[in-house]
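One structure is given below, encoded as structure tokens.
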Amino acid sequence: MEKVIIIRYCEIHLKGNNRGYFEKVFQENLERALKGIRHEIRRPSGRYIVEGFEEERADEIVARLSKVFGTHTLSVAYKVSAELETIYRTVLSIAPQSGTFKVQTNRADKRFPLDSMQMNAEIGGRLLSAVPQLKVDVREPEHILYIDIRENGTALVFGKYVKGAGGMPVGTAGKGMLLLSGGIDSPVAGYMIAKRGMKIDAIHFHSYPYTNLQAREKVEELARILSEYTCGLQLHVVSVTHIQEEIHRLCPPEMMITLLRRFMMRIAERTAQKNGAQCIVTGESLGQVASQTIEGITSSESVVERLPVLRPLIGLDKTEIIEVSRRIGTYDTSILPYEDCCTVFLPKHPLIRPDLAEVEREEARLDVERLIEEALTSAETVAISQ
Amino acid sequence: MIYLDNAATTMPDAACVRSAEQFLKDDFYNPSALYREGFAVHKALAEARKAVLSAVAAQGYELIFTGSGTEADNQVLFSAGRRGNVVITEGEHAAVYESAKELARRGEEVRFAKLREDGSVDAEDLLAKVDADTSLVSVIHVNNETGAVNEIARLSSAVKTKNKRTLFHSDGVQAFGKLDVRLPQTVDFYTISAHKIGGVRGAAALIRKKGAPLQPYLYGGGQENGLRSGTENTFAIIQFAEVVKKRMRERSALYAHAVEMNAKLRGMLDKKFFMPLSSETGSPFILSVSAVGLRGEVLQHMLNERGVLVGTGSACSSRNRYSRVILACGVGENVADGVLRLSFFGDESADDIAHAADVLNACAAELYERTR
């Protein structure tokens, strides 16, 4: 009796002619997630099976695999020879000691002497007499015991479906450049876009010495958590200190954020193009803060020349974003209280509905091109591994 | 690099580390062990205890080695603060302050005495808060943020006059080994620590007047007369004792040097940017200043880039943005935001101090320009 893990995938089968490509990327991502753990991944029809691992690492493997996009569900199963007695003993070993249950058999190997219904009845009957506290309920059982009789003379026995991350394999939908702040929203935006199969790089803006090393460490930690879903990522770190000082020196204080956002978008676009990313991804949610009104978004997007800007959170409420953030494990890091670059020269009353013409007029006081060049020179790239 | 954050921790004295090193290597034995080797370590520990104790207190006191000053403070607060009310000052180190707040959460009455502008306690307010039910008064000896010195002899005697049953504790972590400390008989407990005076972390002590009631904080093998269980950190303790002996030999010279360096730095700092918070009568080892209108942590980062390491009283954090102690001195948030703590060990060179002053002035001027 060997422990194996069954991985069932989601929408890959919808993809017709591309299916082979999707499956290849998916398997590579699975392999990458299990780096450092001895294992073997096989692909019998319609699913993947992980085997050959040390049994005590099964939970760790499931935890890692449940973060790989494209995974629909997972089960830890026992692989045994397809003989009635052996199957029964295995089912018994994982059966609950009380409550209601049913047995659900799937018989791929039609040569097996009992059909699915007969098998359910046979195993269920034996369990009932072996464990007196158990009752059968075929409609709403508390426990379902699954038997999967395969064509190669083996059967898989398991009791649970673990929900996977869903979505599409990362790497099958191009590459984006995520604006990653230290907040709650941007990691969620990265998660959601990666879920649709997009590979991401992230760009973070800091204003050392106005922000501190802890703030930087926090962003690297967020990137690391995110990287478990995105199959690793490159984090580009850019200083906007001088840009903020120049805005502070030459422009009206209430325009700080509006103008800074425009610089960030320009720098993100150039960094995206340099690194083969095909779009910019932000964590903006309509109306959440002053810079995320439609006027604010108009102002920041108008400087992006060639790439689309994707905003996967645009229609979500803060509570919904927080919910995802908690689920994916970035929340506790996001709420660490270090300031980011947006709070340093924070005006008392930021512009809520900036007028584009006025913004452009004020921005003309700045040597935009030189400031961008200077910021790009300061950029560092950190490889964040899963 | 010029290190001016000695109130946070000091560089361990290398010679003293060398002379204690044998207790990490050859003489590693458990001092409670009954064979000769263990007993020899036990005797070395007894010698160390004597050396440290005699540097701070006369007859009638004993010493309990602990793992940190925080631990010693906690032990006193949670042992002595269990009936009536507890009086502490708003200038206490977090080890006392947070323990007192925990006592309050558990239902004890805790009273906080106000500070004066320099960070020392308002003695009148302190005494007014002591009454017939006060079980414990805790007053920090040298304020770790401003360097203000509380006259614990006078305060403890006044407290005892008001209520002779009240126990008096003082956290002396920033005083011991720097100022001339002789405990008066009216002080029941006194906390000292190694790593602020050239020792390594992991050794500290609670000095206790014999007979002053004290409960253990850690229970176990009964070390330290049952008052602090846990196998003794012999290396750290013996290195501590070596450091104490050295500090005692050199104390007046180091003190005089600190006075000189403090005055030099204070004099050289540009008045346009820096306002001293420390009074000139405070400990010379701490000079707290505020770059009013600038942010302390930002300045700290700039100084860091230029090789000068200082402490701050503010943080780029939405929580704990300002130091509660500095605010308790009665200054506004714009002053609290700009606080830098410059702290000496007593062996800095005059050139170092002059260079540090130049860098401080230059950074403040630059930051002022950049954020004007």
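By convention here, the chains of the structure tokens are called A, B, ... in the order presented, each chain's residues are numbered starting at 1, and ligands are numbered starting at 1 in the order presented.
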
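With only C-alpha atoms taken into account, chain A has A:Pro209, A:Tyr210, A:Thr211, A:Asn212, A:Glu245, A:Pro337, A:Tyr338, A:Glu339 at most 7 Å from chain B.
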
I'd like the contact shell of Ala15 of chain B - 12 Å cut-off, only C-alpha atoms, skipping same-chain residues fewer than 2 positions apart - returned as an mmCIF file with N, CA and C atoms, in the first residue's frame.
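Writing done, so here's out.cif:
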```
data_model
loop_
_atom_site.group_PDB
_atom_site.id
_atom_site.type_symbol
_atom_site.label_atom_id
_atom_site.label_comp_id
_atom_site.auth_asym_id
_atom_site.auth_seq_id
_atom_site.Cartn_x
_atom_site.Cartn_y
_atom_site.Cartn_z
ATOM 1 N N MET B 11 29.846 47.648 22.227
ATOM 2 C CA MET B 11 30.693 46.592 21.689
ATOM 3 C C MET B 11 31.286 45.821 22.873
ATOM 4 N N PRO B 12 31.171 44.498 22.857
ATOM 5 C CA PRO B 12 31.734 43.736 23.985
ATOM 6 C C PRO B 12 33.246 43.974 24.115
ATOM 7 N N ASP B 13 33.696 44.151 25.311
ATOM 8 C CA ASP B 13 35.115 44.381 25.570
ATOM 9 C C ASP B 13 35.912 43.125 25.240
ATOM 10 N N VAL B 17 36.281 39.451 27.030
ATOM 11 C CA VAL B 17 35.771 38.251 26.350
ATOM 12 C C VAL B 17 36.854 37.176 26.386
ATOM 13 N N ARG B 18 38.095 37.595 26.098
ATOM 14 C CA ARG B 18 39.198 36.617 26.091
ATOM 15 C C ARG B 18 39.385 35.995 27.474
ATOM 16 N N SER B 19 39.302 36.840 28.506
ATOM 17 C CA SER B 19 39.580 36.258 29.818
ATOM 18 C C SER B 19 38.441 35.374 30.325
ATOM 19 N N ALA B 20 37.262 35.514 29.719
ATOM 20 C CA ALA B 20 36.152 34.650 30.149
ATOM 21 C C ALA B 20 35.959 33.457 29.222
ATOM 22 N N GLU B 21 36.667 33.478 28.112
ATOM 23 C CA GLU B 21 36.469 32.487 27.057
ATOM 24 C C GLU B 21 36.616 31.042 27.529
ATOM 25 N N GLY B 198 29.879 47.158 27.933
ATOM 26 C CA GLY B 198 30.981 46.365 27.384
ATOM 27 C C GLY B 198 30.848 44.880 27.647
ATOM 28 N N GLY B 199 29.766 44.476 28.273
ATOM 29 C CA GLY B 199 29.525 43.048 28.469
ATOM 30 C C GLY B 199 28.816 42.450 27.271
ATOM 31 N N GLN B 239 32.368 37.189 32.115
ATOM 32 C CA GLN B 239 32.798 38.317 31.281
ATOM 33 C C GLN B 239 32.231 39.622 31.857
ATOM 34 N N PHE B 240 30.995 39.567 32.335
ATOM 35 C CA PHE B 240 30.353 40.717 32.982
ATOM 36 C C PHE B 240 31.203 41.177 34.169
ATOM 37 N N GLU B 242 34.338 40.677 34.737
ATOM 38 C CA GLU B 242 35.595 41.257 34.255
ATOM 39 C C GLU B 242 35.378 42.700 33.798
ATOM 40 N N VAL B 243 34.280 42.905 33.058
ATOM 41 C CA VAL B 243 33.958 44.238 32.565
ATOM 42 C C VAL B 243 33.725 45.189 33.738
ATOM 43 N N LYS B 246 36.912 46.277 35.303
ATOM 44 C CA LYS B 246 37.607 47.237 34.455
ATOM 45 C C LYS B 246 36.932 48.603 34.524
#
```

Next on the checklist: So that I can see what lies close to Ala158 of chain B, please list as an MDAnalysis selection string the residues with an atom at most 10 Å from it, counting only C-alpha atoms and leaving out residues fewer than 6 positions away in the same chain.
Outcome noted: chainID B and resid 123 126:127 130 152 164 186

Next on the checklist: Using only C-alpha atoms, which protein or nucleic acid residues come within 10 Å of segment 93-95 of chain A? Drop anything in the same chain fewer than 5 positions from it, and give the result as a list in words.
Outcome noted: Ala77, Tyr78, Ile87, Tyr88, Phe101, Leu127, Val131, Leu134, His143, Ile144, Leu145, Val157, Phe158 and Gly159 of chain A

Deliver the residues from the most recent selection as a file, using N, CA, C and O atoms, as a PDB file, in the first residue's frame.
```
ATOM      1  N   ALA A  77      -4.124   9.536  -1.646  1.00  0.00           N
ATOM      2  CA  ALA A  77      -4.771   8.237  -1.843  1.00  0.00           C
ATOM      3  C   ALA A  77      -3.801   7.100  -1.555  1.00  0.00           C
ATOM      4  O   ALA A  77      -2.581   7.315  -1.504  1.00  0.00           O
ATOM      5  N   TYR A  78      -4.357   5.918  -1.338  1.00  0.00           N
ATOM      6  CA  TYR A  78      -3.520   4.720  -1.244  1.00  0.00           C
ATOM      7  C   TYR A  78      -3.625   3.952  -2.543  1.00  0.00           C
ATOM      8  O   TYR A  78      -4.725   3.726  -3.052  1.00  0.00           O
ATOM      9  N   ILE A  87      -8.587  -4.107  -1.349  1.00  0.00           N
ATOM     10  CA  ILE A  87      -9.306  -2.831  -1.418  1.00  0.00           C
ATOM     11  C   ILE A  87     -10.124  -2.641  -0.141  1.00  0.00           C
ATOM     12  O   ILE A  87     -10.081  -1.568   0.486  1.00  0.00           O
ATOM     13  N   TYR A  88     -10.822  -3.693   0.268  1.00  0.00           N
ATOM     14  CA  TYR A  88     -11.646  -3.579   1.475  1.00  0.00           C
ATOM     15  C   TYR A  88     -10.794  -3.193   2.689  1.00  0.00           C
ATOM     16  O   TYR A  88     -11.139  -2.282   3.444  1.00  0.00           O
ATOM     17  N   PHE A 101     -22.032   7.436   6.024  1.00  0.00           N
ATOM     18  CA  PHE A 101     -21.069   7.336   4.924  1.00  0.00           C
ATOM     19  C   PHE A 101     -21.704   6.690   3.705  1.00  0.00           C
ATOM     20  O   PHE A 101     -22.800   6.144   3.765  1.00  0.00           O
ATOM     21  N   LEU A 127     -18.205  -2.893   5.663  1.00  0.00           N
ATOM     22  CA  LEU A 127     -17.878  -1.840   6.642  1.00  0.00           C
ATOM     23  C   LEU A 127     -18.936  -1.770   7.738  1.00  0.00           C
ATOM     24  O   LEU A 127     -18.615  -1.614   8.914  1.00  0.00           O
ATOM     25  N   VAL A 131     -17.736  -1.966  11.539  1.00  0.00           N
ATOM     26  CA  VAL A 131     -17.767  -0.776  12.406  1.00  0.00           C
ATOM     27  C   VAL A 131     -19.231  -0.481  12.755  1.00  0.00           C
ATOM     28  O   VAL A 131     -19.935   0.173  11.991  1.00  0.00           O
ATOM     29  N   LEU A 134     -21.149   2.990  12.345  1.00  0.00           N
ATOM     30  CA  LEU A 134     -21.342   3.617  11.028  1.00  0.00           C
ATOM     31  C   LEU A 134     -22.746   3.340  10.496  1.00  0.00           C
ATOM     32  O   LEU A 134     -23.302   2.271  10.716  1.00  0.00           O
ATOM     33  N   HIS A 143     -19.309  11.265   5.292  1.00  0.00           N
ATOM     34  CA  HIS A 143     -18.033  10.809   4.726  1.00  0.00           C
ATOM     35  C   HIS A 143     -18.296  10.046   3.427  1.00  0.00           C
ATOM     36  O   HIS A 143     -19.234   9.265   3.362  1.00  0.00           O
ATOM     37  N   ILE A 144     -17.443  10.313   2.439  1.00  0.00           N
ATOM     38  CA  ILE A 144     -17.513   9.496   1.220  1.00  0.00           C
ATOM     39  C   ILE A 144     -16.174   8.773   1.084  1.00  0.00           C
ATOM     40  O   ILE A 144     -15.113   9.391   1.225  1.00  0.00           O
ATOM     41  N   LEU A 145     -16.239   7.500   0.858  1.00  0.00           N
ATOM     42  CA  LEU A 145     -15.009   6.714   0.677  1.00  0.00           C
ATOM     43  C   LEU A 145     -14.931   6.345  -0.793  1.00  0.00           C
ATOM     44  O   LEU A 145     -15.835   5.711  -1.346  1.00  0.00           O
ATOM     45  N   VAL A 157      -7.543   4.375  -3.363  1.00  0.00           N
ATOM     46  CA  VAL A 157      -8.553   4.490  -2.317  1.00  0.00           C
ATOM     47  C   VAL A 157      -8.288   5.792  -1.557  1.00  0.00           C
ATOM     48  O   VAL A 157      -7.151   6.029  -1.133  1.00  0.00           O
ATOM     49  N   PHE A 158      -9.324   6.624  -1.455  1.00  0.00           N
ATOM     50  CA  PHE A 158      -9.117   7.873  -0.713  1.00  0.00           C
ATOM     51  C   PHE A 158     -10.425   8.365  -0.114  1.00  0.00           C
ATOM     52  O   PHE A 158     -11.508   7.906  -0.481  1.00  0.00           O
ATOM     53  N   GLY A 159     -10.305   9.326   0.815  1.00  0.00           N
ATOM     54  CA  GLY A 159     -11.492   9.774   1.539  1.00  0.00           C
ATOM     55  C   GLY A 159     -11.773  11.253   1.406  1.00  0.00           C
ATOM     56  O   GLY A 159     -12.726  11.745   1.994  1.00  0.00           O
TER      57      GLY A 159
END
```

Checklist entry - Expressed in Å to a single decimal, how great is the separation between atom CA of Pro216 of chain B and atom CA of Thr89 of chain B? => result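 Taking atom CA of Pro216 of chain B as the start and atom CA of Thr89 of chain B as the end point, the length is 24.2 Å.
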
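For Asp352 of chain B, the non-local neighbours within 10 Å, defined as residues at least 6 positions apart in the same chain or in other chains and counting only C-alpha atoms, are Met1, Ile2, Tyr3, Leu4, Met261, Leu265, Val308 and Asp358 of chain B.
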
Checklist entry - Hey, what does DSSP flag as strand (DSSP E or B) within segment 110-142 of chain B? Can you give it to me as a ChimeraX atom specification? => result /B:110-113,115,121,134-138,142

Write a file of the just-selected residues containing N, CA and C atoms, as a PDB file, in the first residue's frame.
```pdb
ATOM      1  N   VAL B 110      -2.365  50.948  39.049  1.00  0.00           N
ATOM      2  CA  VAL B 110      -1.036  51.457  38.717  1.00  0.00           C
ATOM      3  C   VAL B 110      -1.131  52.969  38.542  1.00  0.00           C
ATOM      4  N   ARG B 111      -0.224  53.691  39.176  1.00  0.00           N
ATOM      5  CA  ARG B 111      -0.220  55.155  39.081  1.00  0.00           C
ATOM      6  C   ARG B 111       1.061  55.606  38.386  1.00  0.00           C
ATOM      7  N   PHE B 112       0.917  56.574  37.503  1.00  0.00           N
ATOM      8  CA  PHE B 112       2.067  57.040  36.721  1.00  0.00           C
ATOM      9  C   PHE B 112       2.449  58.450  37.145  1.00  0.00           C
ATOM     10  N   ALA B 113       3.676  58.609  37.604  1.00  0.00           N
ATOM     11  CA  ALA B 113       4.127  59.941  38.012  1.00  0.00           C
ATOM     12  C   ALA B 113       4.625  60.709  36.792  1.00  0.00           C
ATOM     13  N   LEU B 115       6.592  63.539  34.341  1.00  0.00           N
ATOM     14  CA  LEU B 115       7.997  63.884  34.122  1.00  0.00           C
ATOM     15  C   LEU B 115       8.164  65.391  34.041  1.00  0.00           C
ATOM     16  N   VAL B 121      11.772  62.516  36.859  1.00  0.00           N
ATOM     17  CA  VAL B 121      10.421  62.461  37.423  1.00  0.00           C
ATOM     18  C   VAL B 121      10.134  63.714  38.244  1.00  0.00           C
ATOM     19  N   THR B 134       0.485  51.748  48.943  1.00  0.00           N
ATOM     20  CA  THR B 134       1.458  51.561  47.862  1.00  0.00           C
ATOM     21  C   THR B 134       2.415  50.421  48.204  1.00  0.00           C
ATOM     22  N   SER B 135       2.442  49.411  47.359  1.00  0.00           N
ATOM     23  CA  SER B 135       3.319  48.276  47.639  1.00  0.00           C
ATOM     24  C   SER B 135       4.684  48.453  46.981  1.00  0.00           C
ATOM     25  N   LEU B 136       4.711  49.140  45.841  1.00  0.00           N
ATOM     26  CA  LEU B 136       5.977  49.251  45.105  1.00  0.00           C
ATOM     27  C   LEU B 136       6.062  50.591  44.384  1.00  0.00           C
ATOM     28  N   VAL B 137       7.256  51.176  44.442  1.00  0.00           N
ATOM     29  CA  VAL B 137       7.554  52.351  43.611  1.00  0.00           C
ATOM     30  C   VAL B 137       8.743  51.985  42.753  1.00  0.00           C
ATOM     31  N   SER B 138       8.651  52.268  41.442  1.00  0.00           N
ATOM     32  CA  SER B 138       9.781  51.984  40.557  1.00  0.00           C
ATOM     33  C   SER B 138      10.152  53.247  39.798  1.00  0.00           C
ATOM     34  N   VAL B 142      18.709  56.289  35.416  1.00  0.00           N
ATOM     35  CA  VAL B 142      19.055  57.208  34.332  1.00  0.00           C
ATOM     36  C   VAL B 142      18.093  56.918  33.184  1.00  0.00           C
TER      37      VAL B 142
END
```

Item to check | Ser75 of chain A environment, 10 Å, only C-alpha atoms, sequence neighbours closer than 2 positions dropped, as a ChimeraX atom specification | outcome: /A:4-8,49,62,73,77-78,157-164

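Shell of Glu31 of chain A at 9 Å, with only C-alpha atoms counted and residues fewer than 6 places along the chain excluded, is His39, Glu40 and Ile41 of chain A.
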
Checklist entry - From the list A:Leu336, A:Val289, A:Met1, A:Ile193, which residue is nearest Leu310 of chain A when using only C-alpha atoms? => result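 For Leu310 of chain A, the nearest of the candidates is A:Ile193.
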
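Minimum atom-to-atom distances from A:Pro252, A:Gly167, A:Pro308, A:Gly329 to Phe345 of chain A were compared using only C-alpha atoms, and the lowest value belongs to A:Pro252.
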
Next on the checklist: One number please: atom CA of Ser239 of chain A to atom CA of Asp367 of chain A, in Å, one decimal.
Outcome noted: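 It comes out at 16.4 Å.
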
Item to check | Among listed residues B:Asp125, B:Asp27, B:Glu102, B:Glu62, nearest Thr234 of chain B (using only C-alpha atoms) | outcome: B:Asp27

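Distance annotation: of A:Val68, A:Val219, A:Leu213, A:Ile147, the residue with the minimal separation from Val103 of chain A is A:Ile147; atom set is only C-alpha atoms.
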
Next on the checklist: To one decimal place in Å, what is the distance between atom CA of Thr377 of chain A and atom CA of Val359 of chain A?
Outcome noted: 25.7 Å
